[in-house]
>>> print(open('start.txt').read())   # compact mmCIF, C-alpha atoms
# COMPACT_ATOMS: atom_id res chain seq x y z
CA MET A 29 56.42 89.93 -118.77
CA ILE A 30 58.88 91.86 -116.60
CA ILE A 31 62.54 90.86 -117.04
CA PRO A 32 64.72 91.46 -113.99
CA ALA A 33 67.30 94.17 -114.62
CA ILE A 34 70.19 91.83 -113.91
CA LEU A 35 69.22 89.73 -116.94
CA ALA A 36 68.57 92.66 -119.26
CA ASN A 37 72.20 93.82 -119.23
CA THR A 38 74.00 90.76 -120.56
CA PRO A 39 77.52 92.27 -120.82
CA GLN A 40 77.32 93.37 -117.19
CA LEU A 41 76.02 89.97 -116.14
CA GLN A 42 78.83 88.24 -118.04
CA ALA A 43 81.36 90.45 -116.28
CA ASP A 44 79.77 89.76 -112.90
CA VAL A 45 79.74 86.01 -113.52
CA ARG A 46 83.36 86.10 -114.67
CA ARG A 47 84.33 88.00 -111.52
CA ALA A 48 82.39 85.57 -109.31
CA ALA A 49 83.91 82.59 -111.11
CA GLN A 50 87.42 83.87 -110.41
CA SER A 51 86.70 83.73 -106.70
CA LEU A 52 85.67 80.08 -106.83
CA GLY A 53 89.17 78.66 -106.70
CA ALA A 54 91.03 75.95 -108.55
CA ASP A 55 88.22 73.37 -108.45
CA VAL A 56 86.27 75.33 -111.06
CA VAL A 57 87.51 75.27 -114.64
CA HIS A 58 84.79 77.28 -116.30
CA VAL A 59 81.39 78.82 -115.62
CA ASN A 60 78.90 79.30 -118.41
CA PHE A 61 75.30 80.38 -118.17
CA GLU A 62 72.08 80.61 -120.13
CA ILE A 63 69.12 82.85 -119.46
CA GLY A 64 65.55 81.66 -119.72
CA PHE A 65 62.46 80.68 -117.81
CA ASP A 66 62.18 77.83 -115.39
CA VAL A 67 59.33 75.37 -115.17
CA MET A 68 57.39 77.75 -112.93
CA GLY A 69 57.72 80.53 -115.51
CA TYR A 70 60.19 82.64 -113.52
CA SER A 71 63.13 84.45 -115.08
CA SER A 72 66.10 82.24 -114.43
CA ILE A 73 69.79 81.86 -114.91
CA PHE A 74 71.02 78.35 -115.63
CA PHE A 75 74.67 77.86 -114.73
CA ASN A 76 76.76 75.20 -116.45
CA ILE A 77 79.81 74.71 -114.28
CA VAL A 78 82.82 72.66 -115.31
CA LEU A 79 84.79 71.20 -112.42
CA THR A 80 88.19 69.57 -112.46
CA ASP A 81 88.08 65.78 -112.50
CA GLU A 82 89.50 65.84 -108.99
CA ALA A 83 86.71 68.09 -107.70
CA SER A 84 84.13 65.91 -109.49
CA ARG A 85 85.07 62.78 -107.55
CA PRO A 86 82.15 61.54 -105.45
CA ALA A 87 84.04 62.25 -102.25
CA ARG A 88 84.40 65.94 -103.10
CA LEU A 89 81.52 66.73 -105.43
CA ARG A 90 78.92 67.41 -102.75
CA PHE A 91 81.03 69.95 -100.89
CA VAL A 92 82.35 71.68 -104.00
CA ALA A 93 78.93 71.91 -105.67
CA GLN A 94 77.32 73.42 -102.58
CA GLN A 95 80.08 75.97 -102.13
CA VAL A 96 80.00 77.00 -105.78
CA ALA A 97 76.22 77.38 -105.84
CA LEU A 98 76.13 79.44 -102.65
CA THR A 99 79.00 81.65 -103.78
CA LEU A 100 77.42 82.40 -107.15
CA MET A 101 73.99 83.08 -105.63
CA ASN A 102 75.44 85.38 -102.98
CA GLN A 103 77.87 87.26 -105.20
CA LEU A 104 75.33 87.81 -107.96
CA LYS A 105 72.53 88.40 -105.43
CA THR A 106 70.15 86.31 -107.48
CA ASP A 107 67.42 86.22 -104.84
CA GLU A 108 67.61 89.97 -104.26
CA ASN A 109 67.46 90.55 -108.02
CA GLY A 110 64.37 88.39 -108.45
CA VAL A 111 66.12 85.69 -110.45
CA HIS A 112 66.02 81.95 -109.95
CA ALA A 113 69.41 80.30 -110.21
CA TYR A 114 69.96 76.70 -111.24
CA PHE A 115 73.22 74.79 -111.21
CA ASN A 116 74.53 71.92 -113.29
CA PHE A 117 77.99 70.44 -112.88
CA ARG A 118 80.11 68.43 -115.28
CA SER A 119 83.65 67.16 -114.99
CA GLN A 120 86.38 68.32 -117.33
CA SER A 121 86.55 64.81 -118.85
CA GLU A 122 82.81 64.75 -119.50
CA VAL A 123 82.94 68.13 -121.23
CA ALA A 124 85.83 66.92 -123.40
CA SER A 125 83.94 63.82 -124.49
CA ILE A 126 80.59 65.53 -125.17
CA LYS A 127 80.92 68.41 -127.59
CA ASP A 128 78.17 70.62 -126.20
CA PRO A 129 78.39 74.37 -127.03
CA ALA A 130 76.50 75.27 -123.88
CA TRP A 131 79.44 73.93 -121.90
CA ALA A 132 82.29 75.14 -124.10
CA MET B 11 60.22 57.65 -94.33
CA ALA B 12 60.97 54.15 -95.58
CA LEU B 13 59.71 54.98 -99.06
CA ALA B 14 61.70 58.23 -99.19
CA ASN B 15 64.90 56.53 -98.04
CA ASP B 16 64.43 53.68 -100.50
CA LEU B 17 63.92 56.13 -103.35
CA LEU B 18 67.09 57.99 -102.46
CA GLU B 19 69.05 54.74 -102.36
CA GLN B 20 67.55 53.79 -105.72
CA ALA B 21 68.55 57.14 -107.20
CA TYR B 22 72.18 56.53 -106.29
CA HIS B 23 71.95 52.98 -107.60
CA LEU B 24 70.70 54.22 -110.97
CA ALA B 25 73.28 57.00 -111.21
CA ARG B 26 76.17 54.61 -110.51
CA ARG B 27 75.10 51.89 -112.96
CA GLU B 28 77.00 51.33 -116.20
CA PRO B 29 80.40 52.48 -114.87
CA LYS B 30 81.89 53.39 -118.26
CA ARG B 31 79.00 54.71 -120.34
CA PRO B 32 75.94 55.52 -118.27
CA ARG B 33 72.68 55.25 -120.17
CA GLN B 34 70.60 58.40 -120.44
CA ALA B 35 67.63 56.42 -119.16
CA SER B 36 69.50 55.53 -115.97
CA LEU B 37 70.62 59.11 -115.33
CA ARG B 38 67.17 60.56 -116.07
CA ARG B 39 65.44 58.09 -113.76
CA ALA B 40 68.09 58.72 -111.10
CA ILE B 41 67.44 62.46 -111.12
CA SER B 42 63.69 62.03 -111.16
CA THR B 43 63.81 59.46 -108.38
CA SER B 44 65.91 61.72 -106.17
CA TYR B 45 63.29 64.45 -106.53
CA TYR B 46 60.56 62.03 -105.52
CA ALA B 47 62.62 60.91 -102.55
CA LEU B 48 62.63 64.46 -101.16
CA PHE B 49 59.01 65.02 -102.19
CA HIS B 50 57.90 62.01 -100.15
CA LEU B 51 60.21 62.80 -97.24
CA LEU B 52 58.70 66.25 -96.78
CA ILE B 53 55.11 65.05 -97.18
CA SER B 54 55.75 62.27 -94.71
CA GLU B 55 57.16 64.78 -92.22
CA ALA B 56 54.27 67.18 -92.72
CA THR B 57 51.58 64.55 -92.34
CA ARG B 58 53.20 63.17 -89.16
CA ASN B 59 51.62 66.17 -87.48
CA TRP B 60 48.15 64.83 -88.25
CA LYS B 61 46.86 62.99 -85.19
CA GLN B 62 44.87 60.32 -87.03
CA SER B 63 47.65 58.17 -88.41
CA SER B 64 45.27 56.21 -90.65
CA GLN B 65 44.47 59.43 -92.54
CA ARG B 66 48.05 60.58 -93.16
CA ALA B 67 48.41 58.96 -96.57
CA ALA B 68 45.17 60.56 -97.74
CA LEU B 69 46.27 63.92 -96.37
CA GLY B 70 49.51 63.58 -98.28
CA ARG B 71 47.59 63.60 -101.55
CA PHE B 72 46.70 67.26 -100.97
CA PHE B 73 50.32 68.33 -101.50
CA GLN B 74 51.12 69.53 -105.01
CA HIS B 75 54.47 69.71 -106.73
CA GLY B 76 54.18 73.32 -107.91
CA SER B 77 53.02 74.64 -104.55
CA MET B 78 55.84 72.83 -102.80
CA ALA B 79 58.38 74.24 -105.23
CA LYS B 80 57.08 77.79 -104.76
CA ALA B 81 57.16 77.40 -100.98
CA SER B 82 60.69 76.02 -101.17
CA ASP B 83 61.83 78.90 -103.36
CA LYS B 84 60.44 81.40 -100.86
CA GLN B 85 61.94 79.52 -97.92
CA LYS B 86 65.35 79.38 -99.57
CA ALA B 87 65.25 83.14 -100.17
CA ASP B 88 64.15 83.79 -96.57
CA CYS B 89 67.00 81.64 -95.24
CA ASN B 90 69.51 83.37 -97.48
CA ARG B 91 68.28 86.81 -96.34
CA PHE B 92 68.61 85.75 -92.70
CA LEU B 93 72.04 84.17 -93.10
CA THR B 94 73.55 87.03 -95.12
CA SER B 95 72.09 89.83 -93.01
CA ASN B 96 74.33 92.57 -91.70
CA PRO B 97 75.34 92.23 -88.90
CA PRO B 98 75.48 88.45 -89.30
CA PRO B 99 73.07 86.43 -87.16
CA ALA B 100 74.42 85.21 -83.86
CA PRO B 101 75.40 81.54 -83.71
CA GLY B 102 72.72 79.44 -82.08
CA LEU B 103 69.72 77.25 -82.69
CA ASP B 104 67.95 79.66 -85.04
CA THR B 105 70.99 80.22 -87.23
CA ASP B 106 71.71 76.50 -87.26
CA CYS B 107 68.13 75.80 -88.27
CA MET B 108 68.12 78.37 -91.06
CA THR B 109 71.39 76.98 -92.45
CA ARG B 110 69.94 73.48 -92.62
CA LEU B 111 66.56 74.69 -93.83
CA GLN B 112 68.36 76.46 -96.65
CA THR B 113 69.94 73.13 -97.59
CA VAL B 114 66.54 71.42 -97.64
CA SER B 115 64.57 74.10 -99.49
CA PHE B 116 67.37 74.74 -101.98
CA ALA B 117 67.58 71.02 -102.76
CA PHE B 118 63.84 70.80 -103.33
CA TYR B 119 63.47 73.70 -105.73
CA GLN B 120 66.58 72.66 -107.67
CA ALA B 121 65.45 69.04 -107.89
CA TYR B 122 61.96 70.10 -108.99
CA GLN B 123 63.36 71.95 -112.01
CA GLN B 124 65.91 69.23 -112.81
CA ARG B 125 63.30 66.51 -112.57
CA GLN B 126 61.10 68.29 -115.13
CA THR B 127 64.03 68.50 -117.53
CA ALA B 128 65.08 64.91 -116.90
CA ASP B 129 61.58 63.60 -117.46
CA TYR B 130 60.49 65.66 -120.47
CA ASP B 131 63.42 67.33 -122.29
CA THR B 132 64.92 64.63 -124.46
CA VAL B 133 67.33 67.06 -126.12
CA LYS B 134 69.28 67.57 -122.93
CA GLN B 135 72.17 65.13 -122.43
CA TRP B 136 72.97 64.27 -118.83
CA THR B 137 76.29 63.23 -117.39
CA ARG B 138 76.96 61.20 -114.28
CA THR B 139 78.47 64.20 -112.50
CA GLU B 140 75.33 66.24 -113.17
CA ALA B 141 73.14 63.46 -111.80
CA LEU B 142 75.29 62.81 -108.75
CA ALA B 143 75.44 66.52 -107.86
CA ILE B 144 71.64 66.66 -107.83
CA ILE B 145 71.30 63.47 -105.80
CA ASP B 146 74.01 64.65 -103.38
CA SER B 147 72.03 67.83 -102.83
CA VAL B 148 68.95 65.77 -101.99
CA ASP B 149 71.01 63.52 -99.73
CA GLY B 150 72.23 66.65 -97.97
CA ALA B 151 68.61 67.60 -97.35
CA PHE B 152 67.91 64.14 -95.93
CA LYS B 153 70.83 64.54 -93.52
CA ALA B 154 69.90 68.10 -92.53
CA TRP B 155 66.22 67.53 -91.89
CA PRO B 156 66.37 65.33 -88.74
CA GLN B 157 68.45 68.04 -87.02
CA ILE B 158 65.75 70.68 -87.43
CA ARG B 159 62.46 68.83 -87.78
CA ASN B 160 61.09 70.15 -84.47
CA HIS B 161 62.21 73.74 -84.91
CA LYS B 162 59.43 76.27 -85.41
CA SER B 163 60.84 77.50 -88.74
CA ALA B 164 61.03 73.96 -90.10
CA GLN B 165 57.47 73.29 -89.04
CA ASN B 166 56.33 76.52 -90.66
CA TYR B 167 58.05 75.41 -93.85
CA LEU B 168 56.19 72.10 -93.80
CA LEU B 169 52.88 73.92 -93.46
CA SER B 170 53.78 76.31 -96.29
CA LEU B 171 54.26 73.32 -98.61
CA LEU B 172 50.48 73.02 -98.78
CA GLY B 173 50.39 76.27 -100.70
CA ASP B 174 49.08 79.77 -100.20
CA PRO B 175 45.60 79.69 -98.64
CA ARG B 176 44.73 82.75 -100.75
CA GLY B 177 45.52 80.76 -103.86
CA ARG B 178 48.45 82.93 -104.96
>>> encode(input="start.txt", output="structure tokens")
Amino acid sequence: MIIPAILANTPQLQADVRRAAQSLGADVVHVNFEIGFDVMGYSSIFFNIVLTDEASRPARLRFVAQQVALTLMNQLKTDENGVHAYFNFRSQSEVASIKDPAWA
Amino acid sequence: MALANDLLEQAYHLARREPKRPRQASLRRAISTSYYALFHLLISEATRNWKQSSQRAALGRFFQHGSMAKASDKQKADCNRFLTSNPPPAPGLDTDCMTRLQTVSFAFYQAYQQRQTADYDTVKQWTRTEALAIIDSVDGAFKAWPQIRNHKSAQNYLLSLLGDPRGR
């Protein structure tokens, strides 16, 4: 099994994600990620993204989610690095009510 | 198309049920249903090209989830490469098509993964925002597709959904 270089250097990846997250604007509260394999067996990065309650409203969620996903994929060059990227979004209120370490 | 549209509507219905405390079952079925909405939309569009309309449903059975996901992953990467090239692509029909095709292929490969988790991973807890973001992505694909359905790149994508003829 060959692991893409971007996933082998976790501290660098964390720094890159942190830098990318800072460029996402006020709608994004926090970006977390986990590394693993997707259902097709490809090396993948699973983003857990916490949005403000305002950005999570149905009227805004679609636009915000698309922008965040594209920005993270482009800044981290996931395609170029041979990594599949997946995106999950929760609101700040949801994260507060469900104590899930993956989203902390 | 009727089935695909009905499934998408049903996905939203399930995701919006139980306003205060959504049941996991509702959210899981919502996510899974949104995937199947896009799955059937794309198969319906691909089989429209088959002249014998009475055979289209049978032809649709040849499409496989994994092959469609792999094709969508490749298409999404191709679109991204095109759209982020330097110098940037000139505005026009091709760029417009690739932007919308990126929306469609991205939605499919995301929904494929999420559907597997929603259907089989009972440890994972879903929230309404997570479900709605996935369904919104599929809805975006539904809105993008009619604008590009006749473009050569979109038609090539439909054909690629059948899988690699060399079996890779």
>>> residues_around(input="start.txt", residues="Glu55 in chain B", least_positions_apart="2", cutoff="12 Å", atoms="all atoms listed in the file", output="count of residues only")
30
>>> closest_residue(input="start.txt", among="A:Asp66, A:Phe61, A:Ala49, A:Asp44", to="Pro129 in chain A", atoms="only C-alpha atoms")
A:Phe61
>>> closest_residue(input="start.txt", among="A:Val67, A:Ala87, A:Ala132, A:Val59", to="chain B", atoms="all atoms listed in the file")
A:Val67
>>> residues_near_point(input="start.txt", point="(67.1, 64.7, -108.4)", cutoff="9 Å", atoms="all atoms listed in the file", output="ChimeraX atom specification")
/B:18,21,38-48,117-118,120-125,128,141-148
>>> closest_residue(input="start.txt", among="A:Arg88, A:Arg46, A:Arg118, A:His58", to="chain B", atoms="only C-alpha atoms")
A:Arg118
>>> atom_distance(input="start.txt", atom1="CA of Cys107 in chain B", atom2="CA of His161 in chain B")
7.1 Å
>>> interface_residues(input="start.txt", of="chain A", to="chain B", cutoff="9 Å", atoms="all atoms listed in the file", output="list in words")
Asp66, Val67, Met68, Ser84, Arg85, Pro86, Leu89, Arg90, Ala93, Gln94, Asn102, Asp107, Glu108, His112, Ala113, Tyr114, Phe115, Asn116, Phe117, Arg118, Ser119, Glu122, Ile126 and Asp128 of chain A
>>> write_last_selection(input="start.txt", atoms="C-alpha atoms", output="mmCIF file, in the frame of the given file")
data_model
loop_
_atom_site.group_PDB
_atom_site.id
_atom_site.type_symbol
_atom_site.label_atom_id
_atom_site.label_comp_id
_atom_site.auth_asym_id
_atom_site.auth_seq_id
_atom_site.Cartn_x
_atom_site.Cartn_y
_atom_site.Cartn_z
ATOM 1 C CA ASP A 66 62.180 77.830 -115.390
ATOM 2 C CA VAL A 67 59.330 75.370 -115.170
ATOM 3 C CA MET A 68 57.390 77.750 -112.930
ATOM 4 C CA SER A 84 84.130 65.910 -109.490
ATOM 5 C CA ARG A 85 85.070 62.780 -107.550
ATOM 6 C CA PRO A 86 82.150 61.540 -105.450
ATOM 7 C CA LEU A 89 81.520 66.730 -105.430
ATOM 8 C CA ARG A 90 78.920 67.410 -102.750
ATOM 9 C CA ALA A 93 78.930 71.910 -105.670
ATOM 10 C CA GLN A 94 77.320 73.420 -102.580
ATOM 11 C CA ASN A 102 75.440 85.380 -102.980
ATOM 12 C CA ASP A 107 67.420 86.220 -104.840
ATOM 13 C CA GLU A 108 67.610 89.970 -104.260
ATOM 14 C CA HIS A 112 66.020 81.950 -109.950
ATOM 15 C CA ALA A 113 69.410 80.300 -110.210
ATOM 16 C CA TYR A 114 69.960 76.700 -111.240
ATOM 17 C CA PHE A 115 73.220 74.790 -111.210
ATOM 18 C CA ASN A 116 74.530 71.920 -113.290
ATOM 19 C CA PHE A 117 77.990 70.440 -112.880
ATOM 20 C CA ARG A 118 80.110 68.430 -115.280
ATOM 21 C CA SER A 119 83.650 67.160 -114.990
ATOM 22 C CA GLU A 122 82.810 64.750 -119.500
ATOM 23 C CA ILE A 126 80.590 65.530 -125.170
ATOM 24 C CA ASP A 128 78.170 70.620 -126.200
#
>>> atom_distance(input="start.txt", atom1="CA of Glu19 in chain B", atom2="CA of Gln95 in chain A")
23.9 Å
>>> residues_around(input="start.txt", residues="Glu62 in chain A", least_positions_apart="6", cutoff="10 Å", atoms="all atoms listed in the file", output="CSV table (one decimal) with C-alpha atoms, keeping the file's coordinate frame")
chain,number,residue,atom,x,y,z
A,72,SER,CA,66.1,82.2,-114.4
A,73,ILE,CA,69.8,81.9,-114.9
A,74,PHE,CA,71.0,78.4,-115.6
A,75,PHE,CA,74.7,77.9,-114.7
A,76,ASN,CA,76.8,75.2,-116.4
A,114,TYR,CA,70.0,76.7,-111.2
A,130,ALA,CA,76.5,75.3,-123.9
>>> atom_distance(input="start.txt", atom1="CA of Ser115 in chain B", atom2="CA of Ala68 in chain B")
23.7 Å
>>> closest_residue(input="start.txt", among="B:Gln112, B:Pro32, B:Arg71, B:Leu37", to="Ala151 in chain B", atoms="all atoms listed in the file")
B:Gln112
>>> closest_residue(input="start.txt", among="B:Asp129, B:Asp104, B:Asp16, B:Glu28", to="Lys162 in chain B", atoms="all atoms listed in the file")
B:Asp104
>>> closest_residue(input="start.txt", among="B:Leu103, B:Val114, B:Ala35, B:Leu13", to="Thr132 in chain B", atoms="all atoms listed in the file")
B:Ala35
>>> residues_around(input="start.txt", residues="Leu52 in chain A", least_positions_apart="3", cutoff="8 Å", atoms="all atoms listed in the file", output="CSV table (one decimal) with C-alpha atoms, in the frame of the given file")
chain,number,residue,atom,x,y,z
A,48,ALA,CA,82.4,85.6,-109.3
A,49,ALA,CA,83.9,82.6,-111.1
A,55,ASP,CA,88.2,73.4,-108.4
A,56,VAL,CA,86.3,75.3,-111.1
A,96,VAL,CA,80.0,77.0,-105.8
A,99,THR,CA,79.0,81.6,-103.8
>>> build_atoms(input="start.txt", residues="range 71-99 of chain B", atoms="N, CA and C atoms", output="PDB file, in the frame of the given file")
ATOM      1  N   ARG B  71      47.998  63.384-100.154  1.00  0.00           N
ATOM      2  CA  ARG B  71      47.590  63.600-101.550  1.00  0.00           C
ATOM      3  C   ARG B  71      47.216  65.059-101.821  1.00  0.00           C
ATOM      4  N   PHE B  72      47.047  65.841-100.770  1.00  0.00           N
ATOM      5  CA  PHE B  72      46.700  67.260-100.970  1.00  0.00           C
ATOM      6  C   PHE B  72      47.922  68.106-101.355  1.00  0.00           C
ATOM      7  N   PHE B  73      49.104  67.569-101.163  1.00  0.00           N
ATOM      8  CA  PHE B  73      50.320  68.330-101.500  1.00  0.00           C
ATOM      9  C   PHE B  73      50.553  68.288-103.001  1.00  0.00           C
ATOM     10  N   GLN B  74      50.913  69.442-103.559  1.00  0.00           N
ATOM     11  CA  GLN B  74      51.120  69.530-105.010  1.00  0.00           C
ATOM     12  C   GLN B  74      52.549  69.981-105.308  1.00  0.00           C
ATOM     13  N   HIS B  75      53.063  69.440-106.379  1.00  0.00           N
ATOM     14  CA  HIS B  75      54.470  69.710-106.730  1.00  0.00           C
ATOM     15  C   HIS B  75      54.751  71.215-106.858  1.00  0.00           C
ATOM     16  N   GLY B  76      53.930  71.899-107.647  1.00  0.00           N
ATOM     17  CA  GLY B  76      54.180  73.320-107.910  1.00  0.00           C
ATOM     18  C   GLY B  76      54.124  74.157-106.642  1.00  0.00           C
ATOM     19  N   SER B  77      53.134  73.892-105.805  1.00  0.00           N
ATOM     20  CA  SER B  77      53.020  74.640-104.550  1.00  0.00           C
ATOM     21  C   SER B  77      54.228  74.390-103.652  1.00  0.00           C
ATOM     22  N   MET B  78      54.677  73.154-103.638  1.00  0.00           N
ATOM     23  CA  MET B  78      55.840  72.830-102.800  1.00  0.00           C
ATOM     24  C   MET B  78      57.095  73.508-103.330  1.00  0.00           C
ATOM     25  N   ALA B  79      57.207  73.581-104.641  1.00  0.00           N
ATOM     26  CA  ALA B  79      58.380  74.240-105.230  1.00  0.00           C
ATOM     27  C   ALA B  79      58.348  75.737-104.935  1.00  0.00           C
ATOM     28  N   LYS B  80      57.169  76.351-105.061  1.00  0.00           N
ATOM     29  CA  LYS B  80      57.080  77.790-104.760  1.00  0.00           C
ATOM     30  C   LYS B  80      57.415  78.060-103.304  1.00  0.00           C
ATOM     31  N   ALA B  81      56.882  77.221-102.414  1.00  0.00           N
ATOM     32  CA  ALA B  81      57.160  77.400-100.980  1.00  0.00           C
ATOM     33  C   ALA B  81      58.646  77.220-100.698  1.00  0.00           C
ATOM     34  N   SER B  82      59.261  76.276-101.388  1.00  0.00           N
ATOM     35  CA  SER B  82      60.690  76.020-101.170  1.00  0.00           C
ATOM     36  C   SER B  82      61.525  77.181-101.697  1.00  0.00           C
ATOM     37  N   ASP B  83      61.114  77.739-102.814  1.00  0.00           N
ATOM     38  CA  ASP B  83      61.830  78.900-103.360  1.00  0.00           C
ATOM     39  C   ASP B  83      61.772  80.066-102.370  1.00  0.00           C
ATOM     40  N   LYS B  84      60.600  80.303-101.830  1.00  0.00           N
ATOM     41  CA  LYS B  84      60.440  81.400-100.860  1.00  0.00           C
ATOM     42  C   LYS B  84      61.257  81.116 -99.586  1.00  0.00           C
ATOM     43  N   GLN B  85      61.196  79.873 -99.137  1.00  0.00           N
ATOM     44  CA  GLN B  85      61.940  79.520 -97.920  1.00  0.00           C
ATOM     45  C   GLN B  85      63.438  79.686 -98.121  1.00  0.00           C
ATOM     46  N   LYS B  86      63.924  79.253 -99.275  1.00  0.00           N
ATOM     47  CA  LYS B  86      65.350  79.380 -99.570  1.00  0.00           C
ATOM     48  C   LYS B  86      65.775  80.847 -99.563  1.00  0.00           C
ATOM     49  N   ALA B  87      64.937  81.713-100.147  1.00  0.00           N
ATOM     50  CA  ALA B  87      65.250  83.140-100.170  1.00  0.00           C
ATOM     51  C   ALA B  87      65.216  83.723 -98.751  1.00  0.00           C
ATOM     52  N   ASP B  88      64.238  83.306 -97.959  1.00  0.00           N
ATOM     53  CA  ASP B  88      64.150  83.790 -96.570  1.00  0.00           C
ATOM     54  C   ASP B  88      65.384  83.370 -95.770  1.00  0.00           C
ATOM     55  N   CYS B  89      65.802  82.128 -95.950  1.00  0.00           N
ATOM     56  CA  CYS B  89      67.000  81.640 -95.240  1.00  0.00           C
ATOM     57  C   CYS B  89      68.229  82.431 -95.665  1.00  0.00           C
ATOM     58  N   ASN B  90      68.340  82.656 -96.965  1.00  0.00           N
ATOM     59  CA  ASN B  90      69.510  83.370 -97.480  1.00  0.00           C
ATOM     60  C   ASN B  90      69.545  84.804 -96.923  1.00  0.00           C
ATOM     61  N   ARG B  91      68.370  85.439 -96.882  1.00  0.00           N
ATOM     62  CA  ARG B  91      68.280  86.810 -96.340  1.00  0.00           C
ATOM     63  C   ARG B  91      68.730  86.827 -94.880  1.00  0.00           C
ATOM     64  N   PHE B  92      68.262  85.841 -94.121  1.00  0.00           N
ATOM     65  CA  PHE B  92      68.610  85.750 -92.700  1.00  0.00           C
ATOM     66  C   PHE B  92      70.117  85.524 -92.525  1.00  0.00           C
ATOM     67  N   LEU B  93      70.649  84.588 -93.301  1.00  0.00           N
ATOM     68  CA  LEU B  93      72.040  84.170 -93.100  1.00  0.00           C
ATOM     69  C   LEU B  93      73.046  85.198 -93.622  1.00  0.00           C
ATOM     70  N   THR B  94      72.615  86.042 -94.567  1.00  0.00           N
ATOM     71  CA  THR B  94      73.550  87.030 -95.120  1.00  0.00           C
ATOM     72  C   THR B  94      73.250  88.440 -94.596  1.00  0.00           C
ATOM     73  N   SER B  95      72.441  88.511 -93.548  1.00  0.00           N
ATOM     74  CA  SER B  95      72.090  89.830 -93.010  1.00  0.00           C
ATOM     75  C   SER B  95      73.321  90.490 -92.389  1.00  0.00           C
ATOM     76  N   ASN B  96      73.230  91.799 -92.259  1.00  0.00           N
ATOM     77  CA  ASN B  96      74.330  92.570 -91.700  1.00  0.00           C
ATOM     78  C   ASN B  96      73.808  93.395 -90.529  1.00  0.00           C
ATOM     79  N   PRO B  97      74.285  93.166 -89.306  1.00  0.00           N
ATOM     80  CA  PRO B  97      75.340  92.230 -88.900  1.00  0.00           C
ATOM     81  C   PRO B  97      74.888  90.772 -89.032  1.00  0.00           C
ATOM     82  N   PRO B  98      75.828  89.865 -89.144  1.00  0.00           N
ATOM     83  CA  PRO B  98      75.480  88.450 -89.300  1.00  0.00           C
ATOM     84  C   PRO B  98      74.705  87.939 -88.087  1.00  0.00           C
ATOM     85  N   PRO B  99      73.842  86.959 -88.296  1.00  0.00           N
ATOM     86  CA  PRO B  99      73.070  86.430 -87.160  1.00  0.00           C
ATOM     87  C   PRO B  99      73.997  85.747 -86.151  1.00  0.00           C
TER      88      PRO B  99
END
